[in-house]
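Coordinates as given in my_file38.cif (mmCIF, C-alpha atoms):
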data_final
#
loop_
_atom_site.label_atom_id
_atom_site.label_comp_id
_atom_site.auth_asym_id
_atom_site.auth_seq_id
_atom_site.Cartn_x
_atom_site.Cartn_y
_atom_site.Cartn_z
CA MET A 91 13.47 -14.86 10.51
CA THR A 92 14.60 -11.29 11.14
CA ILE A 93 15.70 -9.27 8.12
CA PRO A 94 18.23 -6.46 8.69
CA PRO A 95 16.86 -2.95 8.17
CA GLN A 96 16.81 -2.14 4.48
CA GLN A 97 19.40 0.30 3.23
CA GLU A 98 18.47 3.41 1.29
CA TYR A 99 18.45 2.79 -2.43
CA GLN A 100 16.70 3.60 -5.66
CA GLU A 101 15.67 1.00 -8.18
CA HIS A 102 14.50 2.16 -11.58
CA TYR A 103 11.59 0.32 -13.14
CA VAL A 104 10.38 0.32 -16.69
CA PRO A 105 6.65 1.20 -16.54
CA GLY A 106 4.71 -2.05 -16.42
CA SER A 107 7.55 -3.87 -14.63
CA ASN A 108 6.48 -7.21 -13.21
CA THR A 109 7.75 -6.95 -9.63
CA TRP A 110 6.38 -4.45 -7.12
CA SER A 111 6.62 -3.86 -3.36
CA ILE A 112 3.11 -3.04 -2.20
CA GLY A 113 2.21 -1.85 1.27
CA LEU A 114 -0.60 -3.27 3.37
CA PRO A 115 -1.64 -1.33 6.50
CA THR A 116 -2.98 -3.66 9.17
CA TRP A 117 -6.12 -1.55 9.65
CA VAL A 118 -7.25 -2.65 6.19
CA LEU A 119 -7.39 -6.25 7.42
CA ALA A 120 -8.77 -5.26 10.82
CA ASP A 121 -11.77 -3.81 8.95
CA LYS A 122 -12.41 -7.31 7.56
CA ASN A 123 -11.28 -6.79 3.98
CA HIS A 124 -9.60 -9.15 1.47
CA TRP A 125 -11.08 -12.48 2.52
CA ASN A 126 -9.02 -15.27 0.90
CA GLY A 127 -11.25 -18.19 1.81
CA THR A 128 -9.57 -18.87 5.14
CA PHE A 129 -8.81 -15.51 6.77
CA PHE A 130 -8.77 -11.81 6.00
CA GLY A 131 -5.43 -11.16 4.37
CA PHE A 132 -2.81 -12.62 2.06
CA TYR A 133 -0.27 -15.41 2.09
CA LYS A 134 2.94 -16.34 0.32
CA ASN A 135 2.46 -17.84 -3.18
CA GLN A 136 -1.15 -16.69 -3.30
CA LEU A 137 -2.69 -15.49 -6.58
CA ALA A 138 -4.66 -12.45 -5.49
CA PRO A 139 -6.70 -9.84 -7.38
CA PHE A 140 -6.60 -6.29 -6.06
CA ALA A 141 -6.37 -2.67 -7.18
CA LEU A 142 -3.58 -0.27 -6.21
CA GLU A 143 -4.02 2.84 -4.09
CA ILE A 144 -1.63 5.79 -4.13
CA ASN A 145 -1.18 8.05 -1.11
CA PRO A 146 0.88 11.00 -2.38
CA ARG A 147 3.40 12.66 -0.09
CA TRP A 148 3.88 15.40 -2.64
CA ILE A 149 2.76 16.26 -6.18
CA ILE A 150 4.42 18.45 -8.80
CA PRO A 151 3.84 19.01 -12.53
CA ALA A 152 5.96 16.59 -14.54
CA SER A 153 8.92 17.93 -16.50
CA SER A 154 8.10 15.61 -19.42
CA GLN A 155 5.35 13.32 -20.66
CA ASP A 156 7.43 10.18 -20.18
CA LYS A 157 6.02 7.67 -17.71
CA GLN A 158 8.57 6.69 -15.09
CA VAL A 159 8.68 4.55 -11.96
CA ILE A 160 11.44 4.85 -9.35
CA HIS A 161 11.33 2.54 -6.35
CA GLN A 162 12.64 4.45 -3.34
CA GLY A 163 12.57 1.42 -1.04
CA ASN A 164 9.91 -0.51 0.87
CA SER A 165 6.58 0.59 -0.62
CA ILE A 166 7.62 4.14 -1.48
CA TYR A 167 7.70 5.07 -5.16
CA THR A 168 8.30 8.18 -7.24
CA LEU A 169 5.86 7.97 -10.14
CA THR A 170 5.51 10.09 -13.25
CA GLY A 171 2.39 9.57 -15.30
CA GLU A 172 -0.82 10.92 -16.77
CA VAL A 173 -3.96 11.73 -14.82
CA ILE A 174 -6.48 9.77 -16.87
CA PHE A 175 -9.61 10.16 -14.73
CA VAL A 176 -10.86 12.71 -12.20
CA TRP A 177 -14.03 12.58 -10.15
CA GLU A 178 -15.40 14.30 -7.07
CA HIS A 179 -13.43 12.23 -4.56
CA GLY A 180 -10.22 11.36 -6.34
CA TRP A 181 -8.24 10.75 -9.49
CA ILE A 182 -6.39 7.98 -11.29
CA LEU A 183 -2.76 8.04 -12.41
CA ASP A 184 -1.45 6.00 -15.34
CA PHE A 185 2.27 5.37 -14.80
CA GLY A 186 2.41 2.09 -16.73
CA LEU A 187 -0.07 0.61 -14.29
CA GLN A 188 -3.12 2.54 -13.13
CA ALA A 189 -3.87 3.38 -9.49
CA TYR A 190 -6.34 5.59 -7.67
CA THR A 191 -6.22 8.11 -4.89
CA HIS A 192 -9.36 8.74 -2.83
CA TYR A 193 -10.32 11.52 -0.43
CA TYR A 194 -13.42 12.68 1.41
CA SER A 195 -12.47 16.36 1.57
CA THR A 196 -10.92 18.15 -1.40
CA PRO A 197 -7.14 18.67 -0.94
CA SER A 198 -5.42 21.95 -1.71
CA TYR A 199 -4.17 20.65 -5.06
CA VAL A 200 -6.11 18.45 -7.48
CA PRO A 201 -4.32 17.67 -10.76
CA GLU A 202 -6.19 18.35 -13.97
CA HIS A 203 -7.48 15.63 -16.25
CA ARG A 204 -4.88 14.66 -18.89
CA SER A 205 -2.10 16.48 -17.05
CA PHE A 206 1.26 14.80 -16.40
CA ILE A 207 2.47 14.86 -12.80
CA THR A 208 5.24 13.44 -10.64
CA ILE A 209 4.41 12.19 -7.17
CA GLU A 210 6.13 10.48 -4.29
CA THR A 211 3.72 8.00 -2.81
CA TYR A 212 3.13 5.11 -0.47
CA LEU A 213 1.81 2.46 -2.86
CA THR A 214 -0.69 0.18 -1.16
CA VAL A 215 -3.27 -2.52 -1.65
CA ASP A 216 -6.75 -1.12 -2.27
CA HIS A 217 -8.33 -0.64 1.14
CA PHE A 218 -11.44 -2.13 -0.52
CA ILE A 219 -13.24 1.08 -1.45
CA TYR A 220 -12.59 0.41 -5.15
CA TYR A 221 -13.73 -3.21 -4.83
CA ARG A 222 -16.88 -2.25 -2.93
CA LYS A 223 -17.79 1.14 -4.35
CA LEU A 224 -15.57 3.01 -6.78
CA TYR A 225 -15.89 0.52 -9.63
CA LYS A 226 -19.46 1.85 -9.95
CA VAL A 227 -18.32 5.44 -10.67
CA PRO A 228 -19.42 6.13 -14.28
CA GLY A 229 -16.48 5.96 -16.66
CA ILE A 230 -13.90 4.85 -14.08
CA PRO A 231 -11.26 2.51 -15.59
CA PRO A 232 -10.86 -1.13 -14.51
CA LEU A 233 -8.15 -1.11 -11.85
CA ILE A 234 -8.00 -4.65 -10.46
CA TYR A 235 -4.88 -6.59 -11.41
CA GLN A 236 -3.94 -10.19 -10.76
CA TRP A 237 -0.84 -10.62 -8.55
CA HIS A 238 1.36 -13.48 -7.43
CA ILE A 239 2.53 -12.79 -3.88
CA GLN A 240 6.14 -13.93 -3.73
CA ARG A 241 7.09 -12.65 -0.29
CA VAL A 242 5.37 -11.29 2.81
CA THR A 243 7.37 -9.01 5.07
CA ARG A 244 6.14 -7.56 8.34
CA LYS A 245 7.55 -4.18 9.29
CA ILE A 246 7.39 -3.71 13.04
CA TYR A 247 8.39 -0.84 15.28
CA PRO A 248 7.83 -0.08 18.94
CA LEU A 249 5.12 2.21 20.22
CA VAL A 250 6.77 4.52 22.73
CA ARG A 251 5.05 6.70 25.29
CA GLN A 252 5.04 10.43 24.59
CA ILE A 253 3.47 13.46 26.25
CA GLY A 254 1.17 15.67 24.18
CA SER A 255 0.76 19.44 24.36
CA ASP A 256 -2.22 18.91 26.65
CA GLY A 257 -0.04 17.01 29.11
CA ARG A 258 -1.69 13.69 28.39
CA GLY A 259 0.37 10.62 27.54
CA PHE A 260 -0.05 8.64 24.34
CA PHE A 261 1.79 5.96 22.37
CA ALA A 262 3.32 6.72 18.96
CA PRO A 263 5.42 4.51 16.67
CA ASP A 264 9.17 5.02 16.77
CA THR A 265 9.87 4.46 13.08
CA THR A 266 13.61 5.06 13.58
CA ARG A 267 13.80 1.56 15.07
CA SER A 268 11.82 -0.43 12.52
CA LYS A 269 12.67 -4.06 11.83
CA TYR A 270 11.61 -6.45 9.09
CA ILE A 271 10.37 -9.98 9.71
CA GLU A 272 9.57 -12.42 6.92
CA GLU A 273 6.23 -14.17 7.35
CA GLU A 274 4.20 -16.84 5.57
CA ASN A 275 1.03 -14.73 5.70
CA THR A 276 -0.50 -11.51 7.01
CA LYS A 277 -2.37 -12.97 9.96
CA HIS A 278 -2.28 -10.56 12.87
CA ILE A 279 0.22 -11.32 15.62
CA ASN A 280 -0.04 -9.53 18.92
CA TYR A 281 3.55 -8.51 19.57
CA SER A 282 4.24 -7.29 23.09
CA ILE A 283 7.22 -6.62 25.29
CA ALA A 284 7.09 -10.08 26.88
CA PRO A 285 7.81 -12.31 23.84
CA ASP A 286 9.70 -9.65 21.94
CA GLU A 287 12.26 -8.39 24.46
CA GLU A 288 15.21 -9.24 22.22
CA THR A 289 13.76 -7.32 19.27
CA PHE A 290 12.67 -4.21 21.16
CA PRO A 291 13.72 -4.59 24.81
CA ASP A 292 12.27 -1.23 25.89
CA ALA A 293 9.08 -1.28 23.82
CA GLU A 294 5.76 -0.80 25.58
CA GLU A 295 3.85 -2.14 22.57
CA ILE A 296 4.57 -3.05 18.96
CA ASP A 297 2.95 -1.56 15.87
CA GLU A 298 3.22 -3.24 12.48
CA ASP A 299 2.69 -2.99 8.76
CA PHE A 300 3.16 -5.36 5.83
CA ILE A 301 4.99 -5.26 2.52
CA LEU A 302 3.86 -7.66 -0.19
CA GLU A 303 6.44 -8.38 -2.86
CA CYS A 304 4.25 -9.14 -5.83
CA GLN A 305 4.68 -10.19 -9.42
CA LEU A 306 2.16 -8.76 -11.83
CA GLN A 307 0.23 -11.48 -13.65
CA SER A 308 -2.24 -9.44 -15.71
CA PRO A 309 -0.84 -6.51 -17.72
CA GLU A 310 -4.30 -4.98 -18.09
CA GLY A 311 -6.63 -4.03 -15.25
CA TYR A 312 -10.11 -5.50 -15.07
CA TYR A 313 -13.30 -5.28 -13.07
CA THR A 314 -14.31 -7.87 -10.51
CA ALA A 315 -17.88 -8.08 -9.31
CA PRO A 316 -17.99 -7.67 -5.51
CA LYS A 317 -17.85 -10.96 -3.64
CA LEU A 318 -18.04 -10.01 -0.01
CA GLU A 319 -18.24 -13.29 1.85
CA GLY A 320 -16.18 -14.02 4.94
#
Structure encoded using structure tokens:
Amino acid sequence: MTIPPQQEYQEHYVPGSNTWSIGLPTWVLADKNHWNGTFFGFYKNQLAPFALEINPRWIIPASSQDKQVIHQGNSIYTLTGEVIFVWEHGWILDFGLQAYTHYYSTPSYVPEHRSFITIETYLTVDHFIYYRKLYKVPGIPPLIYQWHIQRVTRKIYPLVRQIGSDGRGFFAPDTTRSKYIEEENTKHINYSIAPDEETFPDAEEIDEDFILECQLQSPEGYYTAPKLEG
């Protein structure tokens, strides 16, 4: 089933709202994370525990101390909240839910503990660093929530050949031609020009991403002891 490209919109959420659109980059699954007992990934109607990761596009000081969530579309959110925890490699934002950001090198701007900020971010499933490692950071809050996955959408776009400054060719996603396909699960499908000519007739290859439409089941975060089978 092919879903028409989503139109631009904003949807205002009360902090703690039950329904969220959460991104899932395919590399997270390719690294063998989120084993569900059958495969690495998620499926429609699954009850799944995971933390949330924020990947800020920009950060500014908040104009007020009111928590706010604005859904910009897909998995992009504008969030206003309080920075409740800071450590060497990241910080945690409380915007009604709590989510972490993680980095290996210190960015140019790190918000202060107990400051209120506004960010625009790609909101994603924990790429497993919290589940494997960060939960051990002394004092870090419990960030794993229970979710009911109501819908799985695959966002696909063609990889088109480009020429770099060094004269060498490479493939890059043409996000201006993205399409949305509803799926039953997040199992990897190797799209190519042969079976997908009607979708992207001039595509050399297809890149993809997922959006999980999830309903929050647990209003409070919790810890889960690592269980790394699979």
Taking 5 positions as the minimum chain separation for residues in the same chain, which residues sit within 12 Å of Ile149 of chain A when counting only C-alpha atoms? Answer as a JSON list (two decimals) with C-alpha atoms, in the coordinates of the input.
[["chain", "number", "residue", "atom", "x", "y", "z"],
["A", 144, "ILE", "CA", -1.63, 5.79, -4.13],
["A", 168, "THR", "CA", 8.30, 8.18, -7.24],
["A", 169, "LEU", "CA", 5.86, 7.97, -10.14],
["A", 170, "THR", "CA", 5.51, 10.09, -13.25],
["A", 171, "GLY", "CA", 2.39, 9.57, -15.30],
["A", 173, "VAL", "CA", -3.96, 11.73, -14.82],
["A", 183, "LEU", "CA", -2.76, 8.04, -12.41],
["A", 197, "PRO", "CA", -7.14, 18.67, -0.94],
["A", 198, "SER", "CA", -5.42, 21.95, -1.71],
["A", 199, "TYR", "CA", -4.17, 20.65, -5.06],
["A", 200, "VAL", "CA", -6.11, 18.45, -7.48],
["A", 201, "PRO", "CA", -4.32, 17.67, -10.76],
["A", 205, "SER", "CA", -2.10, 16.48, -17.05],
["A", 206, "PHE", "CA", 1.26, 14.80, -16.40],
["A", 207, "ILE", "CA", 2.47, 14.86, -12.80],
["A", 208, "THR", "CA", 5.24, 13.44, -10.64],
["A", 209, "ILE", "CA", 4.41, 12.19, -7.17],
["A", 210, "GLU", "CA", 6.13, 10.48, -4.29],
["A", 211, "THR", "CA", 3.72, 8.00, -2.81]]
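Pairwise distance (atom CA of Ile234 of chain A, atom CA of Ser308 of chain A) equals 9.1 Å.
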Counting only C-alpha atoms, closest pick from A:Ile150, A:Phe261, A:His217, A:Pro248 relative to Ala120 of chain A is A:His217
Go through A:Phe300, A:Trp237, A:Tyr247, A:Tyr270 and flag the residue nearest Asn135 of chain A, using only C-alpha atoms for the distances.
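Answer, going by the shortest atom-to-atom distance: A:Trp237.
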Atom pair atom CA of Arg251 of chain A + atom CA of Thr265 of chain A, distance 13.3 Å
Draw an axis-aligned box over all listed atoms of segment 252-259 of chain A, pad each side with 4 Å, and write its centre and edge lengths in Å, one decimal, as lines of an AutoDock Vina configuration file.
center_x = 1.4
center_y = 14.9
center_z = 26.6
size_x = 15.3
size_y = 17.0
size_z = 12.9
Worksheet item: the PyMOL selection byres ((chain A and resi 182) around 10) on the file shown: which residues, as a VMD selection string?
Response: chain A and resid 143 to 144 171 to 177 180 to 181 183 to 185 188 to 192 201 203 230 to 231 233
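Closest approach to Pro151 of chain A from the set A:Ile301, A:Asp121, A:Asn108, A:Glu202 is made by A:Glu202, with distances taken over all atoms listed in the file.
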Expressed in Å, the length from atom CA of Thr196 of chain A to atom CA of His179 of chain A is 7.2 Å
Quick one: which residues end up in the PyMOL selection byres ((chain A and resi 124) around 10) for this structure, as a PyMOL selection string? chain A and resi 118-119+121-123+125-127+129-132+138-140+215-218+221+317-320
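Against the coordinates shown, the PyMOL selection byres ((chain A and resi 272) around 10) returns A:Met91, A:Thr92, A:Ile93, A:Arg241, A:Val242, A:Thr243, A:Arg244, A:Lys245, A:Tyr270, A:Ile271, A:Glu273, A:Glu274, A:Asn275, A:Phe300, A:Ile301.
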Name the residues, using the chain letters and numbers of the file, that sit within 9 Å of (13.2, 1.8, 15.4) when counting all atoms listed in the file, and give them as a PyMOL selection string.
chain A and resi 246-248+263-269+290
Could I see segment 176-206 of chain A restored to N, CA and C atoms, set down as a compact mmCIF listing (two decimals), in the coordinates of the input?
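What ended up in selection13.txt:
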# COMPACT_ATOMS: atom_id res chain seq x y z
N VAL A 176 -10.65 11.88 -13.39
CA VAL A 176 -10.86 12.71 -12.20
C VAL A 176 -12.34 12.67 -11.87
N TRP A 177 -12.65 12.47 -10.60
CA TRP A 177 -14.03 12.58 -10.15
C TRP A 177 -14.05 13.31 -8.82
N GLU A 178 -15.22 13.44 -8.24
CA GLU A 178 -15.40 14.30 -7.07
C GLU A 178 -14.49 13.95 -5.92
N HIS A 179 -14.18 12.66 -5.74
CA HIS A 179 -13.43 12.23 -4.56
C HIS A 179 -12.07 11.62 -4.89
N GLY A 180 -11.53 11.91 -6.06
CA GLY A 180 -10.22 11.36 -6.34
C GLY A 180 -9.83 11.45 -7.80
N TRP A 181 -8.74 10.79 -8.12
CA TRP A 181 -8.24 10.75 -9.49
C TRP A 181 -7.40 9.50 -9.68
N ILE A 182 -7.12 9.19 -10.94
CA ILE A 182 -6.39 7.98 -11.29
C ILE A 182 -5.16 8.36 -12.10
N LEU A 183 -4.03 7.78 -11.73
CA LEU A 183 -2.76 8.04 -12.41
C LEU A 183 -2.36 6.81 -13.21
N ASP A 184 -1.99 7.04 -14.47
CA ASP A 184 -1.45 6.00 -15.34
C ASP A 184 0.05 6.19 -15.43
N PHE A 185 0.81 5.29 -14.79
CA PHE A 185 2.27 5.37 -14.80
C PHE A 185 2.86 4.08 -15.40
N GLY A 186 2.08 3.43 -16.22
CA GLY A 186 2.41 2.09 -16.73
C GLY A 186 1.39 1.11 -16.20
N LEU A 187 1.13 1.15 -14.91
CA LEU A 187 -0.07 0.61 -14.29
C LEU A 187 -0.98 1.79 -13.96
N GLN A 188 -2.18 1.48 -13.50
CA GLN A 188 -3.12 2.54 -13.13
C GLN A 188 -3.52 2.35 -11.67
N ALA A 189 -3.53 3.44 -10.91
CA ALA A 189 -3.87 3.38 -9.49
C ALA A 189 -4.67 4.62 -9.11
N TYR A 190 -5.46 4.48 -8.07
CA TYR A 190 -6.34 5.59 -7.67
C TYR A 190 -5.88 6.23 -6.38
N THR A 191 -6.28 7.48 -6.20
CA THR A 191 -6.22 8.11 -4.89
C THR A 191 -7.64 8.53 -4.54
N HIS A 192 -7.99 8.47 -3.26
CA HIS A 192 -9.36 8.74 -2.83
C HIS A 192 -9.34 9.63 -1.60
N TYR A 193 -10.23 10.63 -1.59
CA TYR A 193 -10.32 11.52 -0.43
C TYR A 193 -11.77 11.91 -0.21
N TYR A 194 -12.07 12.26 1.04
CA TYR A 194 -13.42 12.68 1.41
C TYR A 194 -13.56 14.19 1.42
N SER A 195 -12.48 14.89 1.66
CA SER A 195 -12.47 16.36 1.57
C SER A 195 -11.44 16.76 0.52
N THR A 196 -11.76 17.76 -0.27
CA THR A 196 -10.92 18.15 -1.40
C THR A 196 -9.59 18.71 -0.91
N PRO A 197 -8.46 18.15 -1.35
CA PRO A 197 -7.14 18.67 -0.94
C PRO A 197 -6.85 20.01 -1.60
N SER A 198 -5.76 20.62 -1.19
CA SER A 198 -5.42 21.95 -1.71
C SER A 198 -5.04 21.91 -3.18
N TYR A 199 -4.57 20.75 -3.65
CA TYR A 199 -4.17 20.65 -5.06
C TYR A 199 -4.78 19.39 -5.67
N VAL A 200 -5.54 19.57 -6.73
CA VAL A 200 -6.11 18.45 -7.48
C VAL A 200 -5.61 18.55 -8.91
N PRO A 201 -4.85 17.58 -9.40
CA PRO A 201 -4.32 17.67 -10.76
C PRO A 201 -5.44 17.64 -11.80
N GLU A 202 -5.19 18.28 -12.91
CA GLU A 202 -6.19 18.35 -13.97
C GLU A 202 -6.19 17.06 -14.80
N HIS A 203 -7.35 16.77 -15.35
CA HIS A 203 -7.48 15.63 -16.25
C HIS A 203 -6.55 15.79 -17.45
N ARG A 204 -5.84 14.74 -17.78
CA ARG A 204 -4.88 14.66 -18.89
C ARG A 204 -3.59 15.43 -18.63
N SER A 205 -3.38 15.86 -17.40
CA SER A 205 -2.10 16.48 -17.05
C SER A 205 -1.10 15.39 -16.67
N PHE A 206 0.19 15.70 -16.82
CA PHE A 206 1.26 14.80 -16.40
C PHE A 206 1.85 15.33 -15.10
